[in-house]
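Chemist: Provided herewith: run_19.tsv, TSV, C-alpha atoms.
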```tsv
chain	number	residue	atom	x	y	z
A	27	GLN	CA	16.39	-4.60	-6.64
A	28	VAL	CA	13.95	-3.87	-3.86
A	29	GLN	CA	12.71	-6.48	-1.41
A	30	LEU	CA	9.35	-5.91	0.25
A	31	VAL	CA	7.84	-7.79	3.17
A	32	GLU	CA	4.31	-7.08	4.39
A	33	SER	CA	2.82	-7.78	7.81
A	34	GLY	CA	-0.19	-6.85	9.90
A	35	GLY	CA	-3.08	-8.48	8.10
A	36	GLY	CA	-5.82	-10.30	9.93
A	37	SER	CA	-9.53	-10.56	10.57
A	38	VAL	CA	-11.66	-7.79	12.01
A	39	GLN	CA	-15.31	-6.86	12.25
A	40	ALA	CA	-16.77	-4.01	10.22
A	41	GLY	CA	-15.95	-0.68	11.78
A	42	GLY	CA	-12.68	-1.95	13.18
A	43	SER	CA	-9.09	-1.04	12.37
A	44	LEU	CA	-5.94	-2.73	11.14
A	45	ARG	CA	-2.44	-1.46	10.47
A	46	LEU	CA	-0.36	-2.96	7.68
A	47	SER	CA	3.38	-2.54	7.49
A	48	CYS	CA	5.78	-2.92	4.56
A	49	VAL	CA	9.52	-3.19	5.17
A	50	ALA	CA	11.67	-2.30	2.17
A	51	SER	CA	15.31	-3.16	1.64
A	52	GLY	CA	17.84	-3.17	-1.14
A	53	SER	CA	17.55	0.38	-2.43
A	54	ILE	CA	17.62	4.03	-1.46
A	55	PHE	CA	14.41	4.11	0.50
A	56	SER	CA	14.06	7.89	0.44
A	57	GLN	CA	13.71	7.88	-3.35
A	58	LEU	CA	10.86	5.50	-3.98
A	59	TRP	CA	7.17	5.35	-4.69
A	60	VAL	CA	5.69	2.78	-2.35
A	61	ALA	CA	2.08	1.75	-2.75
A	62	TRP	CA	-0.52	-0.62	-1.38
A	63	PHE	CA	-2.69	-2.57	-3.79
A	64	ARG	CA	-5.40	-5.08	-3.02
A	65	ARG	CA	-7.17	-7.87	-4.82
A	66	ALA	CA	-10.54	-9.14	-3.69
A	67	PRO	CA	-11.82	-12.53	-4.83
A	68	GLY	CA	-13.22	-12.25	-8.33
A	69	LYS	CA	-12.21	-8.61	-8.71
A	70	GLU	CA	-9.47	-6.67	-10.45
A	71	ARG	CA	-6.42	-5.51	-8.56
A	72	GLU	CA	-7.03	-2.06	-7.11
A	73	GLY	CA	-4.59	0.64	-6.04
A	74	VAL	CA	-5.37	1.73	-2.49
A	75	ALA	CA	-2.75	4.30	-1.50
A	76	ALA	CA	0.74	5.37	-2.50
A	77	ILE	CA	3.44	7.59	-1.05
A	78	TYR	CA	6.60	9.23	-2.36
A	79	THR	CA	9.08	8.42	0.40
A	80	GLY	CA	11.19	11.48	-0.36
A	81	SER	CA	8.46	14.09	0.11
A	82	GLY	CA	5.68	12.26	1.90
A	83	ILE	CA	3.18	13.23	-0.82
A	84	ALA	CA	0.44	10.61	-0.92
A	85	SER	CA	-2.37	9.48	-3.19
A	86	TYR	CA	-5.52	7.61	-2.25
A	87	ALA	CA	-8.25	5.72	-4.03
A	88	ASP	CA	-11.66	7.36	-3.65
A	89	SER	CA	-12.94	4.21	-1.95
A	90	VAL	CA	-10.57	4.61	1.00
A	91	ARG	CA	-9.95	8.35	1.22
A	92	GLY	CA	-10.73	9.58	4.72
A	93	ARG	CA	-10.54	6.08	6.21
A	94	PHE	CA	-7.01	4.93	5.31
A	95	THR	CA	-3.74	6.74	5.94
A	96	ILE	CA	-0.41	5.86	4.37
A	97	SER	CA	2.80	6.94	6.09
A	98	ARG	CA	6.50	6.30	5.85
A	99	ASN	CA	9.39	6.07	8.28
A	100	ASN	CA	12.57	6.63	6.37
A	101	ALA	CA	14.78	5.66	9.32
A	102	LYS	CA	13.08	2.25	9.58
A	103	THR	CA	12.49	1.97	5.80
A	104	THR	CA	8.85	1.13	6.40
A	105	VAL	CA	5.58	2.22	4.85
A	106	ASP	CA	2.46	1.68	6.94
A	107	LEU	CA	-1.19	1.67	5.98
A	108	GLN	CA	-3.53	2.56	8.84
A	109	MET	CA	-7.01	1.31	7.98
A	110	ASN	CA	-9.93	2.61	10.01
A	111	SER	CA	-13.69	2.19	9.69
A	112	LEU	CA	-13.15	-1.01	7.77
A	113	LYS	CA	-15.93	-2.37	5.58
A	114	PRO	CA	-16.56	-5.90	4.27
A	115	GLU	CA	-15.66	-4.63	0.79
A	116	ASP	CA	-12.15	-3.89	2.05
A	117	THR	CA	-11.56	-7.64	2.28
A	118	GLY	CA	-8.76	-8.91	0.08
A	119	MET	CA	-5.09	-9.68	-0.27
A	120	TYR	CA	-3.05	-6.52	0.24
A	121	TYR	CA	0.27	-6.12	-1.55
A	122	CYS	CA	3.06	-3.64	-1.06
A	123	ALA	CA	4.78	-2.47	-4.26
A	124	SER	CA	7.53	-0.04	-5.12
A	125	THR	CA	9.20	1.65	-8.04
A	126	TRP	CA	11.40	4.59	-8.86
A	127	PRO	CA	9.53	7.91	-8.75
A	128	ARG	CA	8.25	9.20	-12.10
A	129	ALA	CA	6.62	12.39	-10.80
A	130	ALA	CA	6.02	14.35	-7.62
A	131	VAL	CA	2.66	12.69	-7.00
A	132	PRO	CA	2.73	8.88	-6.85
A	133	LEU	CA	0.33	7.02	-9.11
A	134	LEU	CA	-1.95	4.11	-8.28
A	135	ASP	CA	-1.24	2.35	-11.55
A	136	ALA	CA	0.04	-1.18	-10.96
A	137	GLU	CA	1.77	-1.14	-14.36
A	138	LYS	CA	4.18	1.48	-13.00
A	139	TYR	CA	5.43	-0.70	-10.13
A	140	ASN	CA	8.35	-3.07	-10.55
A	141	TYR	CA	8.72	-4.75	-7.16
A	142	TRP	CA	6.05	-6.56	-5.19
A	143	GLY	CA	5.74	-8.24	-1.84
A	144	GLN	CA	4.03	-11.56	-1.17
A	145	GLY	CA	0.89	-10.03	0.28
A	146	THR	CA	-1.03	-10.13	3.53
A	147	GLN	CA	-4.67	-11.10	3.91
A	148	VAL	CA	-7.27	-8.70	5.32
A	149	THR	CA	-10.73	-10.03	6.13
A	150	VAL	CA	-13.53	-7.77	7.32
A	151	SER	CA	-16.71	-9.45	8.51
A	152	SER	CA	-20.11	-7.80	8.74
```
Would you write the structure of this file as structure tokens?
Modeler:
Amino acid sequence: QVQLVESGGGSVQAGGSLRLSCVASGSIFSQLWVAWFRRAPGKEREGVAAIYTGSGIASYADSVRGRFTISRNNAKTTVDLQMNSLKPEDTGMYYCASTWPRAAVPLLDAEKYNYWGQGTQVTVSS
């Protein structure tokens, strides 16, 4: 079992920044895929970024590459998502998810993730 708790959501104007944090407990943190997904109103859930906590190898959705950065702190068992140059289309509920690693490069496929947090809301106004 892995417990995940997100924090750091909020409201910001377009062009601004937010930093989300996910605290994980209950497993060997250094051997996990941890990912951020989001769901906007009326849209499908979308994988945003993922990281293999053991190696630090990360994956990004094309829509956020170059603007978002995922990082991990194995000592604090946290995975952060730094979001810069935010756009209104980044608005949504952001969820942290984790699973056991299946490959060296983490996937952004929600079907692969077993554990989910409760989510934190991000709102970007134009």
Chemist: Determine, counting only C-alpha atoms, which protein, DNA and RNA residues have an atom within 9 Å of an atom of Ser81 (chain A); residues of the same chain fewer than 6 positions away are not included. Present the result as a list in words.
Modeler: Ser56, Gln57 and Ala130 of chain A
Chemist: Need to verify the contact set: region 97-111 of chain A, 10 Å, only C-alpha atoms, exclusion of same-chain residues closer than 5 positions in sequence. Can you return it as a PyMOL selection string?
Modeler: chain A and resi 30-34+39-51+53-57+60-62+74-84+90+92+116+122
Chemist: Just give me the gap between CA of Tyr120 (chain A) and CA of Gly35 (chain A) in Å, one decimal is fine.
Modeler: 8.1 Å
Chemist: Quote the spacing between CA of Gly118 (chain A) and CA of Gln144 (chain A) in Å to one decimal place.
Modeler: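 Here the two named atoms are 13.1 Å from each other.
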Chemist: Between CA of Arg64 (chain A) and CA of Met119 (chain A), what is the distance, to one decimal in Å?
Modeler: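 For CA of Arg64 (chain A) relative to CA of Met119 (chain A), the distance reads 5.4 Å.
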Chemist: Nearest to Asn140 (chain A) among A:Arg65, A:Leu58, A:Ala87, A:Ser37, with distances taken over all atoms listed in the file: which residue is it?
Modeler: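 Among the listed residues, the smallest separation from Asn140 (chain A) belongs to A:Leu58.
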Chemist: Hey, which of A:Glu115, A:Gly36, A:Ala129, A:Gln27 ends up closest to Thr146 (chain A)? Count all atoms listed in the file.
Modeler: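 Nearest candidate to Thr146 (chain A) out of A:Glu115, A:Gly36, A:Ala129, A:Gln27: A:Gly36.
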Chemist: Kindly indicate which residue among A:Trp142, A:Ser151, A:Thr95, A:Lys113 lies nearest to Phe63 (chain A), using only C-alpha atoms for the distances.
Modeler: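 Answer, going by the shortest atom-to-atom distance: A:Trp142.
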Chemist: My list of candidates is A:Ala66, A:Glu72, A:Val148, A:Gln29. Which is closest to Leu134 (chain A) when distances are computed with only C-alpha atoms?
Modeler: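 Nearest to Leu134 (chain A): A:Glu72.
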Chemist: With distances taken over all atoms listed in the file, which of A:Trp126, A:Tyr121, A:Tyr86, A:Trp59 is nearest to Arg71 (chain A)?
Modeler: A:Tyr121
Chemist: Using all atoms listed in the file, pick whichever of A:Val38, A:Lys138, A:Val131, A:Pro67 has the shortest atom-to-atom distance to Ser85 (chain A).
Modeler: A:Val131
